[in-house]
$ cat work.txt   # compact mmCIF, C-alpha atoms and all ligand atoms
# COMPACT_ATOMS: atom_id res chain seq x y z
CA MET A 287 21.58 27.44 -0.32
CA ALA A 288 23.17 30.87 -0.72
CA LYS A 289 21.33 33.29 -2.96
CA GLN A 290 22.11 31.96 -6.41
CA SER A 291 19.23 33.25 -8.45
CA TRP A 292 20.07 33.00 -12.12
CA GLU A 293 18.49 36.42 -12.44
CA LYS A 294 20.84 38.05 -9.96
CA GLY A 295 22.33 41.17 -11.50
CA ILE A 296 19.48 41.74 -13.90
CA ALA A 297 17.79 45.14 -13.71
CA ARG A 298 14.89 44.54 -16.06
CA LYS A 299 13.71 42.52 -19.02
CA MET A 300 14.14 44.15 -22.39
CA TYR A 301 12.58 41.44 -24.58
CA THR A 302 10.61 38.52 -23.23
CA GLU A 303 10.85 34.94 -24.48
CA GLU A 304 7.56 35.44 -26.30
CA GLN A 305 8.67 38.65 -28.02
CA ILE A 306 11.92 37.02 -29.11
CA ALA A 307 10.12 33.94 -30.43
CA VAL A 308 7.77 36.07 -32.54
CA ARG A 309 10.60 38.16 -33.97
CA VAL A 310 12.83 35.15 -34.69
CA LYS A 311 9.99 33.49 -36.60
CA GLU A 312 9.54 36.68 -38.65
CA LEU A 313 13.25 36.78 -39.47
CA GLY A 314 13.17 33.10 -40.46
CA ALA A 315 10.20 33.71 -42.72
CA GLN A 316 11.94 36.68 -44.31
CA ILE A 317 15.11 34.67 -44.94
CA THR A 318 13.05 31.77 -46.31
CA ALA A 319 11.33 34.12 -48.76
CA ASP A 320 14.61 35.75 -49.81
CA PHE A 321 16.45 32.47 -50.47
CA LYS A 322 13.75 30.06 -51.59
CA ASP A 323 14.49 30.49 -55.28
CA LYS A 324 18.26 30.29 -55.01
CA GLU A 325 19.91 27.21 -56.39
CA GLU A 326 23.18 27.22 -54.49
CA ASP A 327 23.63 25.78 -50.99
CA ILE A 328 22.96 27.91 -47.94
CA ILE A 329 25.38 27.90 -45.02
CA VAL A 330 24.33 29.59 -41.82
CA ILE A 331 27.28 30.61 -39.70
CA CYS A 332 26.99 30.98 -35.96
CA LEU A 333 29.49 33.35 -34.39
CA LEU A 334 30.28 31.73 -31.07
CA LYS A 335 29.36 31.93 -28.35
CA GLY A 336 26.79 34.69 -28.09
CA SER A 337 24.74 33.61 -31.10
CA ILE A 338 24.11 29.98 -30.14
CA LEU A 339 20.56 30.31 -28.85
CA PHE A 340 19.54 32.73 -31.58
CA MET A 341 21.13 30.47 -34.20
CA ALA A 342 19.29 27.40 -32.90
CA ASP A 343 15.92 29.14 -32.98
CA LEU A 344 16.50 31.02 -36.22
CA CYS A 345 17.54 27.89 -38.14
CA ARG A 346 14.34 26.17 -37.06
CA SER A 347 12.41 29.06 -38.57
CA ILE A 348 14.16 28.91 -41.94
CA GLU A 349 12.17 26.45 -44.01
CA LEU A 350 14.90 25.60 -46.49
CA PRO A 351 17.70 23.05 -46.70
CA LEU A 352 20.81 24.51 -45.10
CA LYS A 353 24.07 23.64 -43.44
CA MET A 354 25.23 25.07 -40.13
CA ASP A 355 28.78 25.99 -39.31
CA PHE A 356 30.46 27.66 -36.39
CA MET A 357 33.17 30.25 -36.07
CA SER A 358 34.75 31.80 -33.05
CA VAL A 359 36.59 35.09 -33.09
CA SER A 360 37.99 36.95 -30.15
CA SER A 361 37.46 40.67 -29.82
CA TYR A 362 35.66 41.41 -26.62
CA GLY A 363 37.20 39.63 -23.60
CA ASP A 364 35.53 40.00 -20.22
CA ASP A 365 35.15 43.69 -20.72
CA PHE A 366 32.61 46.27 -21.82
CA ILE A 367 34.89 47.76 -24.44
CA SER A 368 35.55 46.25 -27.86
CA SER A 369 39.20 45.81 -28.67
CA ARG A 370 40.25 46.45 -32.24
CA GLU A 371 41.95 43.09 -32.68
CA VAL A 372 39.93 40.29 -34.23
CA LYS A 373 41.51 36.86 -34.12
CA ILE A 374 40.02 33.63 -35.49
CA VAL A 375 39.91 31.21 -32.56
CA LYS A 376 37.92 28.54 -34.41
CA ASP A 377 37.53 28.64 -38.17
CA LEU A 378 34.72 27.16 -40.28
CA ASP A 379 34.72 23.48 -41.22
CA GLU A 380 32.84 24.13 -44.47
CA ASN A 381 34.16 25.58 -47.69
CA ILE A 382 31.88 28.54 -48.44
CA MET A 383 32.99 29.18 -52.02
CA GLY A 384 29.96 29.59 -54.29
CA LYS A 385 27.51 29.23 -51.39
CA HIS A 386 25.01 31.63 -49.88
CA VAL A 387 26.40 32.54 -46.49
CA ILE A 388 24.24 33.94 -43.72
CA VAL A 389 26.27 35.12 -40.73
CA VAL A 390 24.36 35.07 -37.45
CA GLU A 391 25.45 37.46 -34.71
CA ASP A 392 24.04 38.18 -31.27
CA ILE A 393 24.68 41.91 -31.19
CA ILE A 394 26.42 44.48 -33.35
CA ASP A 395 27.91 47.27 -31.32
CA SER A 396 30.89 49.12 -32.78
CA GLY A 397 30.71 46.83 -35.79
CA LEU A 398 34.48 46.42 -35.76
CA THR A 399 34.31 42.66 -35.18
CA LEU A 400 31.77 42.07 -37.93
CA LYS A 401 33.55 44.28 -40.40
CA LYS A 402 36.66 42.08 -40.07
CA VAL A 403 34.69 38.82 -40.08
CA MET A 404 32.73 39.81 -43.20
CA LYS A 405 35.96 40.74 -44.95
CA ILE A 406 37.60 37.41 -44.08
CA LEU A 407 34.55 35.45 -45.27
CA GLY A 408 34.03 37.63 -48.33
CA ASN A 409 37.57 36.82 -49.45
CA ARG A 410 36.58 33.15 -49.66
CA ASP A 411 34.31 33.85 -52.65
CA PRO A 412 30.85 32.97 -51.40
CA LYS A 413 28.00 33.42 -53.88
CA SER A 414 26.47 35.90 -51.45
CA ILE A 415 27.03 36.93 -47.87
CA SER A 416 24.44 38.43 -45.59
CA LEU A 417 24.29 39.30 -41.96
CA CYS A 418 21.56 38.60 -39.44
CA THR A 419 21.81 40.03 -35.94
CA LEU A 420 19.43 39.63 -33.05
CA LEU A 421 20.31 43.04 -31.63
CA ASN A 422 21.67 46.16 -33.24
CA LYS A 423 23.16 49.03 -31.23
CA ASP A 424 23.60 51.93 -33.64
CA ALA A 425 24.74 54.42 -31.02
CA ARG A 426 28.32 53.22 -30.88
CA ARG A 427 28.85 52.17 -34.49
CA GLU A 428 32.39 52.81 -35.68
CA ALA A 429 32.61 50.58 -38.72
CA ASP A 430 30.23 50.62 -41.64
CA VAL A 431 28.59 47.18 -41.81
CA LYS A 432 25.61 46.28 -43.93
CA VAL A 433 23.06 44.31 -41.93
CA GLN A 434 20.28 42.65 -43.91
CA TYR A 435 18.32 41.18 -41.00
CA ILE A 436 17.89 42.86 -37.61
CA GLY A 437 15.87 41.43 -34.75
CA PHE A 438 15.69 44.52 -32.58
CA ASN A 439 17.34 47.94 -32.63
CA ILE A 440 18.37 48.84 -29.09
CA GLU A 441 19.70 51.85 -27.22
CA ASP A 442 23.25 51.95 -25.89
CA GLU A 443 22.82 49.60 -22.97
CA PHE A 444 24.69 46.49 -21.90
CA VAL A 445 22.42 43.51 -22.34
CA LEU A 446 22.45 39.92 -21.19
CA GLY A 447 20.66 36.67 -21.75
CA TYR A 448 19.50 34.59 -24.73
CA GLY A 449 23.15 33.83 -25.45
CA LEU A 450 24.62 37.15 -24.36
CA ASP A 451 26.94 37.05 -21.40
CA TYR A 452 28.57 38.99 -18.66
CA LYS A 453 31.89 37.29 -17.86
CA GLN A 454 30.57 34.14 -19.56
CA GLU A 455 27.51 33.88 -17.32
CA TYR A 456 23.82 34.63 -17.99
CA ARG A 457 23.81 33.07 -21.48
CA ASN A 458 21.08 30.65 -20.39
CA ILE A 459 18.64 33.39 -19.31
CA PRO A 460 15.82 32.84 -21.81
CA TYR A 461 15.06 36.53 -22.35
CA VAL A 462 17.14 39.62 -23.16
CA ALA A 463 17.74 41.83 -20.13
CA ILE A 464 19.50 44.96 -19.02
CA MET A 465 22.21 44.48 -16.50
CA GLY A 466 21.82 46.09 -13.11
CA PRO A 467 24.18 46.62 -10.19
CA LEU A 468 25.86 43.37 -9.23
CA ASP A 469 25.22 43.53 -5.49
CA GLU A 470 23.58 41.19 -3.01
CA GLU A 471 20.34 43.17 -2.98
CA ASN A 472 19.74 42.74 -6.66
P1 LIG B 501 31.54 45.05 -31.88
O1 LIG B 501 31.74 46.26 -31.00
O2 LIG B 501 32.79 44.71 -32.63
O3 LIG B 501 31.33 43.90 -30.84
O4 LIG B 501 30.36 45.21 -32.77
C1 LIG B 501 30.37 42.96 -30.97
C2 LIG B 501 30.55 41.95 -29.90
O5 LIG B 501 30.66 42.59 -28.63
C3 LIG B 501 29.90 41.93 -27.68
N1 LIG B 501 28.92 42.87 -27.11
C4 LIG B 501 28.09 42.61 -26.10
N2 LIG B 501 27.94 41.48 -25.38
N3 LIG B 501 26.22 42.52 -24.15
C5 LIG B 501 27.00 41.45 -24.41
O6 LIG B 501 26.85 40.43 -23.76
C6 LIG B 501 26.31 43.69 -24.83
O7 LIG B 501 25.56 44.62 -24.58
C7 LIG B 501 27.31 43.72 -25.86
N4 LIG B 501 27.68 44.68 -26.75
C8 LIG B 501 28.66 44.12 -27.49
C9 LIG B 501 29.24 40.78 -28.38
O8 LIG B 501 29.95 39.61 -28.12
C10 LIG B 501 29.34 41.09 -29.83
O9 LIG B 501 29.51 39.95 -30.63
MG MG B 502 29.22 37.90 -30.26
$ encode --input "work.txt" --output "structure tokens"
Amino acid sequence: MAKQSWEKGIARKMYTEEQIAVRVKELGAQITADFKDKEEDIIVICLLKGSILFMADLCRSIELPLKMDFMSVSSYGDDFISSREVKIVKDLDENIMGKHVIVVEDIIDSGLTLKKVMKILGNRDPKSISLCTLLNKDARREADVKVQYIGFNIEDEFVLGYGLDYKQEYRNIPYVAIMGPLDEEN
């Protein structure tokens, strides 16, 4: 078989599976504590596709009744640069009016995508809306977004794995990694 290592193109691990698991449990515990006395329903929203693995693990760490919903917006293409346009590709199935909404994101970079998403969802009159991101890159922030729950603050590097992709690949790498040169030697 030709060299088809699933780790091809990865320069180094940034966060291991174990480190991620510990941090996700902490975030789940924090969210559980913050929402345990609330009476209204909780809806956790996964922003597809990058957040799927984080969403799955995070929801298992939130020890409260909740509903899951999924939303897909386009803003990033197969490129390193965020475009300014945010389009809803798949909208929510649930009505979020009067509910506690927790938006789950893989990474916040410029913040432009999230700013638009939070505005769209905020206009639907949820009881509350909070944001939970696995990774936060402050270096390139252009839009002011309030993030209540952050897994890890990272430097300005392009990362892969644990849901994050490069041209739709690498999402199944179980750790977060920094991308290296995409050559045969790597
Ligand atoms: P903005 O810039 O609007 O974009 O905050 C957030 C979205 O951009 C993607 N993104 C990345 N995806 N590795 C990735 O795989 C990265 O380092 C990276 N930085 C930004 C991501 O989809 C996120 O939702
Ligand atoms: Mg994303």
$ residues_near_ligand --input "work.txt" --ligand "ligand LIG 501 (chain B)" --cutoff "7 Å" --atoms "only C-alpha atoms and all ligand atoms" --output "PDB file with C-alpha atoms, in the frame of the given file"
ATOM      1  CA  GLY A 336      26.790  34.690 -28.090  1.00  0.00           C
ATOM      2  CA  SER A 361      37.460  40.670 -29.820  1.00  0.00           C
ATOM      3  CA  TYR A 362      35.660  41.410 -26.620  1.00  0.00           C
ATOM      4  CA  SER A 368      35.550  46.250 -27.860  1.00  0.00           C
ATOM      5  CA  GLU A 391      25.450  37.460 -34.710  1.00  0.00           C
ATOM      6  CA  ASP A 392      24.040  38.180 -31.270  1.00  0.00           C
ATOM      7  CA  ILE A 393      24.680  41.910 -31.190  1.00  0.00           C
ATOM      8  CA  ILE A 394      26.420  44.480 -33.350  1.00  0.00           C
ATOM      9  CA  ASP A 395      27.910  47.270 -31.320  1.00  0.00           C
ATOM     10  CA  SER A 396      30.890  49.120 -32.780  1.00  0.00           C
ATOM     11  CA  GLY A 397      30.710  46.830 -35.790  1.00  0.00           C
ATOM     12  CA  LEU A 398      34.480  46.420 -35.760  1.00  0.00           C
ATOM     13  CA  THR A 399      34.310  42.660 -35.180  1.00  0.00           C
ATOM     14  CA  LEU A 400      31.770  42.070 -37.930  1.00  0.00           C
ATOM     15  CA  GLU A 443      22.820  49.600 -22.970  1.00  0.00           C
ATOM     16  CA  PHE A 444      24.690  46.490 -21.900  1.00  0.00           C
ATOM     17  CA  VAL A 445      22.420  43.510 -22.340  1.00  0.00           C
ATOM     18  CA  LEU A 446      22.450  39.920 -21.190  1.00  0.00           C
ATOM     19  CA  LEU A 450      24.620  37.150 -24.360  1.00  0.00           C
ATOM     20  CA  ASP A 451      26.940  37.050 -21.400  1.00  0.00           C
ATOM     21  CA  TYR A 452      28.570  38.990 -18.660  1.00  0.00           C
TER      22      TYR A 452
END
$ residues_around --input "work.txt" --residues "Ser337 in chain A" --least-positions-apart "3" --cutoff "8 Å" --atoms "only C-alpha atoms" --output "list in words"
Cys332, Leu333, Leu334, Phe340, Met341, Val390, Glu391, Asp392, Gly449 and Leu450 of chain A
$ atom_distance --input "work.txt" --atom1 "CA of Asp379 in chain A" --atom2 "CA of Leu417 in chain A"
19.0 Å
$ closest_residue --input "work.txt" --among "A:Cys418, A:Ile388, A:Ala319, A:Val431" --to "Lys353 in chain A" --atoms "only C-alpha atoms"
A:Ile388
$ closest_residue --input "work.txt" --among "A:Gln434, A:Asn381, A:Asn422, A:Gln316" --to "Arg410 in chain A" --atoms "all atoms listed in the file"
A:Asn381
$ residues_around --input "work.txt" --residues "Thr318 in chain A" --least-positions-apart "5" --cutoff "10 Å" --atoms "all atoms listed in the file" --output "PyMOL selection string"
chain A and resi 312-313+323+347-351
$ closest_atom_pairs --input "work.txt" --of "range 294-412 of chain A" --to "range 462-468 of chain A" --cutoff "9 Å" --atoms "all atoms listed in the file" --output "Markdown table"
| residue | atom | partner | partner_atom | distance |
| --- | --- | --- | --- | --- |
| A:Lys294 | CA | A:Leu468 | CA | 7.4 |
| A:Gly295 | CA | A:Leu468 | CA | 4.7 |
| A:Ile296 | CA | A:Met465 | CA | 4.7 |
| A:Ala297 | CA | A:Gly466 | CA | 4.2 |
| A:Arg298 | CA | A:Ile464 | CA | 5.5 |
| A:Lys299 | CA | A:Ala463 | CA | 4.2 |
| A:Met300 | CA | A:Ala463 | CA | 4.8 |
| A:Tyr301 | CA | A:Val462 | CA | 5.1 |
| A:Thr302 | CA | A:Val462 | CA | 6.6 |
| A:Glu303 | CA | A:Val462 | CA | 8.0 |
| A:Ile306 | CA | A:Val462 | CA | 8.3 |
$ write_last_selection --input "work.txt" --atoms "C-alpha atoms" --output "PDB file, in the frame of the given file"
ATOM      1  CA  LYS A 294      20.840  38.050  -9.960  1.00  0.00           C
ATOM      2  CA  GLY A 295      22.330  41.170 -11.500  1.00  0.00           C
ATOM      3  CA  ILE A 296      19.480  41.740 -13.900  1.00  0.00           C
ATOM      4  CA  ALA A 297      17.790  45.140 -13.710  1.00  0.00           C
ATOM      5  CA  ARG A 298      14.890  44.540 -16.060  1.00  0.00           C
ATOM      6  CA  LYS A 299      13.710  42.520 -19.020  1.00  0.00           C
ATOM      7  CA  MET A 300      14.140  44.150 -22.390  1.00  0.00           C
ATOM      8  CA  TYR A 301      12.580  41.440 -24.580  1.00  0.00           C
ATOM      9  CA  THR A 302      10.610  38.520 -23.230  1.00  0.00           C
ATOM     10  CA  GLU A 303      10.850  34.940 -24.480  1.00  0.00           C
ATOM     11  CA  ILE A 306      11.920  37.020 -29.110  1.00  0.00           C
TER      12      ILE A 306
END
$ atom_distance --input "work.txt" --atom1 "CA of Leu378 in chain A" --atom2 "CA of Met357 in chain A"
5.4 Å
$ atom_distance --input "work.txt" --atom1 "CA of Asp411 in chain A" --atom2 "CA of His386 in chain A"
10.0 Å
$ closest_residue --input "work.txt" --among "A:Lys335, A:Lys376, A:Arg346, A:Lys413" --to "ligand MG 502 (chain B)" --atoms "all atoms listed in the file"
A:Lys335
$ closest_residue --input "work.txt" --among "A:Ser360, A:Ser291, A:Asn458, A:Asn439" --to "ligand MG 502 (chain B)" --atoms "only C-alpha atoms and all ligand atoms"
A:Ser360
$ build_atoms --input "work.txt" --residues "range 411-445 of chain A" --atoms "N, CA and C atoms" --output "mmCIF file, in the coordinates of the input"
data_model
loop_
_atom_site.group_PDB
_atom_site.id
_atom_site.type_symbol
_atom_site.label_atom_id
_atom_site.label_comp_id
_atom_site.auth_asym_id
_atom_site.auth_seq_id
_atom_site.Cartn_x
_atom_site.Cartn_y
_atom_site.Cartn_z
ATOM 1 N N ASP A 411 35.174 33.929 -51.459
ATOM 2 C CA ASP A 411 34.310 33.850 -52.650
ATOM 3 C C ASP A 411 32.965 33.152 -52.479
ATOM 4 N N PRO A 412 32.212 33.522 -51.474
ATOM 5 C CA PRO A 412 30.850 32.970 -51.400
ATOM 6 C C PRO A 412 30.011 33.556 -52.533
ATOM 7 N N LYS A 413 28.922 32.874 -52.866
ATOM 8 C CA LYS A 413 28.000 33.420 -53.880
ATOM 9 C C LYS A 413 27.377 34.718 -53.367
ATOM 10 N N SER A 414 26.979 34.693 -52.099
ATOM 11 C CA SER A 414 26.470 35.900 -51.450
ATOM 12 C C SER A 414 26.782 35.803 -49.970
ATOM 13 N N ILE A 415 26.790 36.941 -49.324
ATOM 14 C CA ILE A 415 27.030 36.930 -47.870
ATOM 15 C C ILE A 415 26.107 37.952 -47.229
ATOM 16 N N SER A 416 25.307 37.489 -46.291
ATOM 17 C CA SER A 416 24.440 38.430 -45.590
ATOM 18 C C SER A 416 24.587 38.253 -44.094
ATOM 19 N N LEU A 417 24.077 39.238 -43.399
ATOM 20 C CA LEU A 417 24.290 39.300 -41.960
ATOM 21 C C LEU A 417 22.940 39.410 -41.250
ATOM 22 N N CYS A 418 22.784 38.588 -40.236
ATOM 23 C CA CYS A 418 21.560 38.600 -39.440
ATOM 24 C C CYS A 418 21.944 38.758 -37.976
ATOM 25 N N THR A 419 21.489 39.824 -37.356
ATOM 26 C CA THR A 419 21.810 40.030 -35.940
ATOM 27 C C THR A 419 20.541 40.118 -35.109
ATOM 28 N N LEU A 420 20.590 39.531 -33.936
ATOM 29 C CA LEU A 420 19.430 39.630 -33.050
ATOM 30 C C LEU A 420 19.250 41.081 -32.598
ATOM 31 N N LEU A 421 20.376 41.676 -32.168
ATOM 32 C CA LEU A 421 20.310 43.040 -31.630
ATOM 33 C C LEU A 421 21.258 43.957 -32.381
ATOM 34 N N ASN A 422 20.844 45.179 -32.555
ATOM 35 C CA ASN A 422 21.670 46.160 -33.240
ATOM 36 C C ASN A 422 21.726 47.427 -32.397
ATOM 37 N N LYS A 423 22.956 47.799 -32.007
ATOM 38 C CA LYS A 423 23.160 49.030 -31.230
ATOM 39 C C LYS A 423 23.820 50.036 -32.157
ATOM 40 N N ASP A 424 23.055 50.956 -32.688
ATOM 41 C CA ASP A 424 23.600 51.930 -33.640
ATOM 42 C C ASP A 424 24.457 53.013 -32.974
ATOM 43 N N ALA A 425 24.152 53.268 -31.713
ATOM 44 C CA ALA A 425 24.740 54.420 -31.020
ATOM 45 C C ALA A 425 26.269 54.438 -31.034
ATOM 46 N N ARG A 426 26.863 53.261 -30.981
ATOM 47 C CA ARG A 426 28.320 53.220 -30.880
ATOM 48 C C ARG A 426 29.000 52.659 -32.129
ATOM 49 N N ARG A 427 28.295 52.736 -33.258
ATOM 50 C CA ARG A 427 28.850 52.170 -34.490
ATOM 51 C C ARG A 427 30.082 52.941 -34.937
ATOM 52 N N GLU A 428 31.146 52.196 -35.190
ATOM 53 C CA GLU A 428 32.390 52.810 -35.680
ATOM 54 C C GLU A 428 32.731 52.344 -37.075
ATOM 55 N N ALA A 429 32.312 51.122 -37.400
ATOM 56 C CA ALA A 429 32.610 50.580 -38.720
ATOM 57 C C ALA A 429 31.315 50.440 -39.502
ATOM 58 N N ASP A 430 31.410 50.671 -40.778
ATOM 59 C CA ASP A 430 30.230 50.620 -41.640
ATOM 60 C C ASP A 430 29.964 49.157 -42.036
ATOM 61 N N VAL A 431 28.947 48.562 -41.442
ATOM 62 C CA VAL A 431 28.590 47.180 -41.810
ATOM 63 C C VAL A 431 27.154 47.144 -42.314
ATOM 64 N N LYS A 432 26.960 46.407 -43.391
ATOM 65 C CA LYS A 432 25.610 46.280 -43.930
ATOM 66 C C LYS A 432 24.924 45.105 -43.254
ATOM 67 N N VAL A 433 23.790 45.370 -42.624
ATOM 68 C CA VAL A 433 23.060 44.310 -41.930
ATOM 69 C C VAL A 433 21.720 44.110 -42.621
ATOM 70 N N GLN A 434 21.517 42.918 -43.168
ATOM 71 C CA GLN A 434 20.280 42.650 -43.910
ATOM 72 C C GLN A 434 19.112 42.319 -42.988
ATOM 73 N N TYR A 435 19.397 41.648 -41.885
ATOM 74 C CA TYR A 435 18.320 41.180 -41.000
ATOM 75 C C TYR A 435 18.616 41.607 -39.558
ATOM 76 N N ILE A 436 17.714 42.387 -38.987
ATOM 77 C CA ILE A 436 17.890 42.860 -37.610
ATOM 78 C C ILE A 436 16.681 42.444 -36.780
ATOM 79 N N GLY A 437 16.958 41.802 -35.648
ATOM 80 C CA GLY A 437 15.870 41.430 -34.750
ATOM 81 C C GLY A 437 15.282 42.658 -34.078
ATOM 82 N N PHE A 438 16.129 43.340 -33.314
ATOM 83 C CA PHE A 438 15.690 44.520 -32.580
ATOM 84 C C PHE A 438 16.800 45.585 -32.598
ATOM 85 N N ASN A 439 16.408 46.826 -32.800
ATOM 86 C CA ASN A 439 17.340 47.940 -32.630
ATOM 87 C C ASN A 439 17.251 48.392 -31.180
ATOM 88 N N ILE A 440 18.400 48.475 -30.510
ATOM 89 C CA ILE A 440 18.370 48.840 -29.090
ATOM 90 C C ILE A 440 19.211 50.082 -28.810
ATOM 91 N N GLU A 441 18.923 50.697 -27.667
ATOM 92 C CA GLU A 441 19.700 51.850 -27.220
ATOM 93 C C GLU A 441 21.053 51.360 -26.705
ATOM 94 N N ASP A 442 21.904 52.299 -26.348
ATOM 95 C CA ASP A 442 23.250 51.950 -25.890
ATOM 96 C C ASP A 442 23.219 51.466 -24.440
ATOM 97 N N GLU A 443 22.840 50.193 -24.297
ATOM 98 C CA GLU A 443 22.820 49.600 -22.970
ATOM 99 C C GLU A 443 23.462 48.236 -23.023
ATOM 100 N N PHE A 444 24.063 47.819 -21.920
ATOM 101 C CA PHE A 444 24.690 46.490 -21.900
ATOM 102 C C PHE A 444 23.612 45.460 -21.598
ATOM 103 N N VAL A 445 23.495 44.493 -22.483
ATOM 104 C CA VAL A 445 22.420 43.510 -22.340
ATOM 105 C C VAL A 445 22.962 42.101 -22.149
#
